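Coordinates from model_22.tsv are shown below (TSV, C-alpha atoms).
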chain	number	residue	atom	x	y	z
A	118	MET	CA	11.91	43.83	0.21
A	119	ILE	CA	11.23	42.63	3.77
A	120	PHE	CA	8.42	45.18	4.09
A	121	SER	CA	6.68	43.73	1.00
A	122	LEU	CA	7.19	40.17	2.19
A	123	LYS	CA	5.56	41.06	5.51
A	124	HIS	CA	2.55	42.47	3.66
A	125	LEU	CA	2.28	39.39	1.53
A	126	PHE	CA	2.63	37.18	4.59
A	127	TYR	CA	-0.21	38.93	6.44
A	128	ILE	CA	-2.46	38.79	3.42
A	129	THR	CA	-1.67	35.16	2.74
A	130	VAL	CA	-2.30	34.17	6.34
A	131	THR	CA	-5.51	36.17	6.59
A	132	PHE	CA	-7.02	34.95	3.37
A	133	THR	CA	-5.73	31.43	2.93
A	134	VAL	CA	-6.18	30.19	6.47
A	135	THR	CA	-9.91	30.73	6.08
A	136	SER	CA	-9.84	29.06	2.66
A	137	CYS	CA	-8.50	25.62	3.54
A	138	VAL	CA	-11.14	23.80	1.53
A	139	SER	CA	-10.47	21.43	-1.33
A	140	GLN	CA	-10.32	23.35	-4.58
A	141	LYS	CA	-11.78	22.41	-7.93
A	142	THR	CA	-10.29	24.11	-10.94
A	143	THR	CA	-11.33	24.35	-14.56
A	144	ASN	CA	-9.30	23.37	-17.58
A	145	ARG	CA	-10.14	23.51	-21.27
A	146	ASN	CA	-11.85	20.11	-21.24
A	147	SER	CA	-13.95	20.73	-18.13
A	148	ILE	CA	-17.69	20.80	-18.31
A	149	ILE	CA	-19.01	24.03	-16.82
A	150	ASN	CA	-21.96	23.77	-14.46
A	151	THR	CA	-24.32	26.59	-15.53
A	152	LYS	CA	-27.27	25.50	-13.38
A	153	TYR	CA	-28.31	26.56	-9.89
A	154	ASN	CA	-28.11	23.05	-8.43
A	155	GLU	CA	-26.48	21.14	-5.55
A	156	GLU	CA	-23.04	21.37	-7.15
A	157	TYR	CA	-23.37	25.13	-7.59
A	158	ILE	CA	-24.71	25.61	-4.05
A	159	ALA	CA	-21.77	23.60	-2.68
A	160	SER	CA	-19.38	25.92	-4.54
A	161	THR	CA	-20.66	29.02	-2.74
A	162	LYS	CA	-18.70	29.97	0.36
A	163	THR	CA	-18.89	32.85	2.83
A	164	LEU	CA	-15.95	33.84	5.00
A	165	VAL	CA	-16.10	36.65	7.56
A	166	GLY	CA	-13.61	38.05	10.01
A	167	LYS	CA	-12.05	41.10	11.60
A	168	LEU	CA	-8.60	42.60	11.13
A	169	ASP	CA	-6.84	44.58	13.82
A	170	GLU	CA	-5.55	48.08	13.03
A	171	SER	CA	-2.10	46.87	12.01
A	172	GLN	CA	-3.42	44.15	9.71
A	173	TYR	CA	-5.93	46.59	8.20
A	174	ALA	CA	-3.20	49.15	7.45
A	175	LYS	CA	-0.93	46.56	5.86
A	176	ILE	CA	-3.65	45.00	3.73
A	177	THR	CA	-5.01	48.32	2.51
A	178	THR	CA	-1.48	49.34	1.51
A	179	VAL	CA	-1.09	46.20	-0.59
A	180	LEU	CA	-4.61	46.51	-2.04
A	181	ALA	CA	-3.97	50.14	-3.02
A	182	LYS	CA	-0.82	49.06	-4.84
A	183	GLU	CA	-2.56	46.20	-6.65
A	184	LEU	CA	-5.56	48.36	-7.56
A	185	ASN	CA	-3.27	51.23	-8.55
A	186	THR	CA	-5.24	53.75	-6.52
A	187	VAL	CA	-5.31	55.67	-3.26
A	188	LEU	CA	-7.76	54.14	-0.80
A	189	SER	CA	-9.62	56.32	1.67
A	190	LYS	CA	-9.50	55.22	5.31
A	191	ASP	CA	-13.11	56.38	5.64
A	192	LYS	CA	-14.53	54.14	2.92
A	193	ALA	CA	-15.23	50.45	2.75
A	194	ILE	CA	-13.53	48.58	-0.09
A	195	LEU	CA	-15.61	46.33	-2.35
A	196	ILE	CA	-13.77	44.17	-4.84
A	197	ASN	CA	-15.92	42.33	-7.39
A	198	TYR	CA	-13.92	39.45	-8.89
A	199	SER	CA	-14.38	37.30	-12.02
A	200	GLN	CA	-12.42	34.14	-12.81
A	201	LYS	CA	-12.74	30.97	-14.85
A	202	ALA	CA	-14.21	28.23	-12.68
A	203	PRO	CA	-16.28	25.03	-12.95
A	204	ASN	CA	-19.45	26.65	-11.54
A	205	CYS	CA	-20.68	29.63	-13.52
A	206	ILE	CA	-24.38	30.29	-14.05
A	207	THR	CA	-23.67	33.30	-16.24
A	208	GLU	CA	-21.67	31.12	-18.64
A	209	GLY	CA	-25.01	29.61	-19.68
A	210	HIS	CA	-26.20	33.01	-20.98
A	211	SER	CA	-25.95	34.33	-24.51
A	212	LYS	CA	-23.28	36.95	-25.29
A	213	LYS	CA	-26.02	39.61	-25.45
A	214	ASN	CA	-27.29	38.57	-22.03
A	215	ASP	CA	-23.69	38.52	-20.70
A	216	LEU	CA	-23.38	42.21	-21.50
A	217	LEU	CA	-26.67	43.01	-19.73
A	218	VAL	CA	-25.64	40.99	-16.67
A	219	SER	CA	-22.24	42.74	-16.59
A	220	GLU	CA	-23.78	46.21	-16.90
A	221	ASN	CA	-26.36	45.38	-14.22
A	222	GLY	CA	-23.60	44.19	-11.87
A	223	ILE	CA	-21.70	47.44	-12.35
A	224	ARG	CA	-24.85	49.48	-11.75
A	225	LEU	CA	-25.78	47.58	-8.56
A	226	SER	CA	-22.25	47.73	-7.18
A	227	ASN	CA	-22.05	51.47	-7.87
A	228	GLU	CA	-25.44	52.14	-6.24
A	229	ILE	CA	-24.63	50.12	-3.11
A	230	SER	CA	-21.16	51.68	-2.87
A	231	LYS	CA	-22.59	55.16	-3.10
A	232	LYS	CA	-25.26	54.38	-0.49
A	233	TYR	CA	-22.77	52.91	2.02
A	234	ASN	CA	-19.69	55.07	1.32
A	235	ALA	CA	-17.64	52.32	-0.30
A	236	ALA	CA	-15.15	52.29	-3.15
A	237	ASP	CA	-15.94	49.50	-5.59
A	238	PHE	CA	-13.56	47.81	-7.98
A	239	PHE	CA	-13.96	45.21	-10.70
A	240	VAL	CA	-11.03	42.84	-11.04
A	241	TYR	CA	-10.83	39.89	-13.41
A	242	ALA	CA	-8.46	37.00	-13.99
A	243	ALA	CA	-6.90	36.78	-17.45
A	244	ASP	CA	-8.77	33.55	-18.22
A	245	THR	CA	-12.23	34.70	-17.13
A	246	PHE	CA	-15.01	33.55	-19.44
A	247	VAL	CA	-16.32	36.97	-20.47
A	248	LYS	CA	-13.11	38.99	-20.58
A	249	ASP	CA	-14.19	40.50	-23.90
A	250	LEU	CA	-17.06	42.22	-22.07
A	251	ARG	CA	-14.80	43.96	-19.55
A	252	GLN	CA	-15.47	47.65	-19.27
A	253	GLU	CA	-12.73	50.29	-19.21
A	254	ASN	CA	-12.89	50.49	-15.41
A	255	PHE	CA	-12.14	46.76	-14.99
A	256	ILE	CA	-8.70	45.83	-13.68
A	257	LEU	CA	-6.78	42.84	-15.00
A	258	ASP	CA	-5.51	40.75	-12.10
A	259	THR	CA	-1.73	40.38	-12.04
A	260	GLY	CA	-2.27	37.06	-10.26
A	261	PHE	CA	-2.21	38.67	-6.84
A	262	PHE	CA	-5.95	38.44	-6.21
A	263	TYR	CA	-6.21	34.93	-7.69
A	264	ASN	CA	-3.36	33.61	-5.55
A	265	ASN	CA	-3.81	35.61	-2.33
A	266	VAL	CA	-7.37	36.87	-1.95
A	267	PHE	CA	-9.73	34.72	-4.03
A	268	THR	CA	-7.97	31.42	-3.39
A	269	LEU	CA	-10.93	29.14	-4.04
A	270	HIS	CA	-11.46	28.53	-7.73
A	271	GLU	CA	-14.79	26.71	-7.75
A	272	ASN	CA	-17.03	29.64	-8.70
A	273	CYS	CA	-16.58	32.25	-11.43
A	274	LYS	CA	-17.70	35.23	-9.32
A	275	ALA	CA	-16.70	36.44	-5.90
A	276	PHE	CA	-16.43	39.57	-3.82
A	277	PHE	CA	-14.38	40.88	-0.93
A	278	ILE	CA	-15.46	43.72	1.36
A	279	LEU	CA	-13.22	45.40	3.91
A	280	LYS	CA	-14.78	47.99	6.19
A	281	PRO	CA	-12.77	50.79	7.83
A	282	ASN	CA	-13.32	49.11	11.23
A	283	GLY	CA	-11.53	45.96	9.98
A	284	ASP	CA	-14.61	43.79	9.44
A	285	PHE	CA	-14.34	41.82	6.22
A	286	MET	CA	-16.40	39.41	4.19
A	287	LYS	CA	-15.40	37.24	1.27
A	288	TYR	CA	-18.02	35.41	-0.76
A	289	TYR	CA	-17.72	32.99	-3.65
A	290	GLY	CA	-20.84	32.84	-5.81
A	291	GLU	CA	-22.96	34.84	-8.25
A	292	ASP	CA	-25.89	37.20	-7.70
A	293	TYR	CA	-24.49	38.45	-4.42
A	294	TYR	CA	-25.57	42.07	-4.16
A	295	SER	CA	-28.09	41.44	-1.38
A	296	LEU	CA	-25.21	39.99	0.69
A	297	VAL	CA	-23.07	43.04	-0.07
A	298	ASN	CA	-25.91	45.36	0.91
A	299	ASP	CA	-26.61	43.47	4.17
A	300	PHE	CA	-22.95	43.38	5.20
A	301	LEU	CA	-22.36	47.07	4.52
A	302	GLU	CA	-25.59	47.99	6.32
A	303	LYS	CA	-24.40	46.37	9.57
A	304	LYS	CA	-22.69	48.81	11.91

If you took the structure in this file and wrote it as structure tokens, what would it be?
Amino acid sequence: MIFSLKHLFYITVTFTVTSCVSQKTTNRNSIINTKYNEEYIASTKTLVGKLDESQYAKITTVLAKELNTVLSKDKAILINYSQKAPNCITEGHSKKNDLLVSENGIRLSNEISKKYNAADFFVYAADTFVKDLRQENFILDTGFFYNNVFTLHENCKAFFILKPNGDFMKYYGEDYYSLVNDFLEKK
């Protein structure tokens, strides 16, 4: 039990310390901003950092458990995340377009992951807007990612990358694959 609490402590400290920004959440009566405007731009956030070897080992152990997989120490980890939030450009699309956007996101993530030796995952919160479009390889968040990794709830899409050298990047916002590509390209 203490071992698990230590893991959770390290993850919480690493991810939430860098996320001490006021949070805006969405409820059933909220109006969703589906436009690329000042409000949307303000909801995008980029956080970068570096973990030491001990932190990296502990976090990858917890991530492997939450993702229900074995993670290679030689591969970067890319987690694509979807949640319900007040800023969501894709929520303004039709259901048909939602499916195309989802399939395109999977394709881009897979291509970039293959190019840069990364393992990519698609995790979604139970209340995400387009949960009915989730593919078979999508993972339902137990609440761990929502509460410990993607702690800002202003934007409906986000990603987290952890490189084998400990460098990490977390981004809140949509249409982010150029950022993923640029971060993984850096040595």

Q. Looking at A:Val297, A:Thr161, A:Met286, A:Ile256, which one is nearest to Pro203 (chain A), with distances taken over only C-alpha atoms?
A. A:Thr161

I want to know what sits within 8 Å of region 218-225 of chain A, based on only C-alpha atoms, with residues of the same chain fewer than 3 positions away left out; could you give that as a tab-separated table (two decimals) with C-alpha atoms, in the frame of the given file?
chain	number	residue	atom	x	y	z
A	207	THR	CA	-23.67	33.30	-16.24
A	214	ASN	CA	-27.29	38.57	-22.03
A	215	ASP	CA	-23.69	38.52	-20.70
A	228	GLU	CA	-25.44	52.14	-6.24
A	229	ILE	CA	-24.63	50.12	-3.11
A	250	LEU	CA	-17.06	42.22	-22.07
A	294	TYR	CA	-25.57	42.07	-4.16

Q: Select, from A:Ile158, A:Leu257, A:Leu217, A:Leu279, the residue with the minimum atom-to-atom distance to Thr177 (chain A), counting only C-alpha atoms.
A: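 For Thr177 (chain A), the nearest of the candidates is A:Leu279.
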
Q. Taking all atoms listed in the file into account, which of A:Asn197, A:Ala174, A:Thr151, A:Phe267 comes nearest Asn254 (chain A)?
A. A:Asn197

Q.
So, with only C-alpha atoms as the atoms that count, which of A:Thr178, A:Thr259, A:Asn234, A:Ser199 lies closest to Lys274 (chain A)?
A. A:Ser199

Q. Any idea what's packed within 10 Å of Asn204 (chain A), counting only C-alpha atoms, ignoring anything in its chain fewer than 2 positions away? Could you give it as a VMD selection string?
A. chain A and resid 141 to 143 148 to 154 156 to 161 201 to 202 206 to 208 270 to 274 290 to 291

Q: In Å, rounded to a single decimal, give me how far CA of Asn282 (chain A) is from CA of Lys175 (chain A).
A: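 Between CA of Lys175 (chain A) and CA of Asn282 (chain A) the gap works out to 13.7 Å.
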
Q | Straight-line distance linking CA of Asp292 (chain A) with CA of Gln172 (chain A), stated in Å to one decimal | A | 29.3 Å
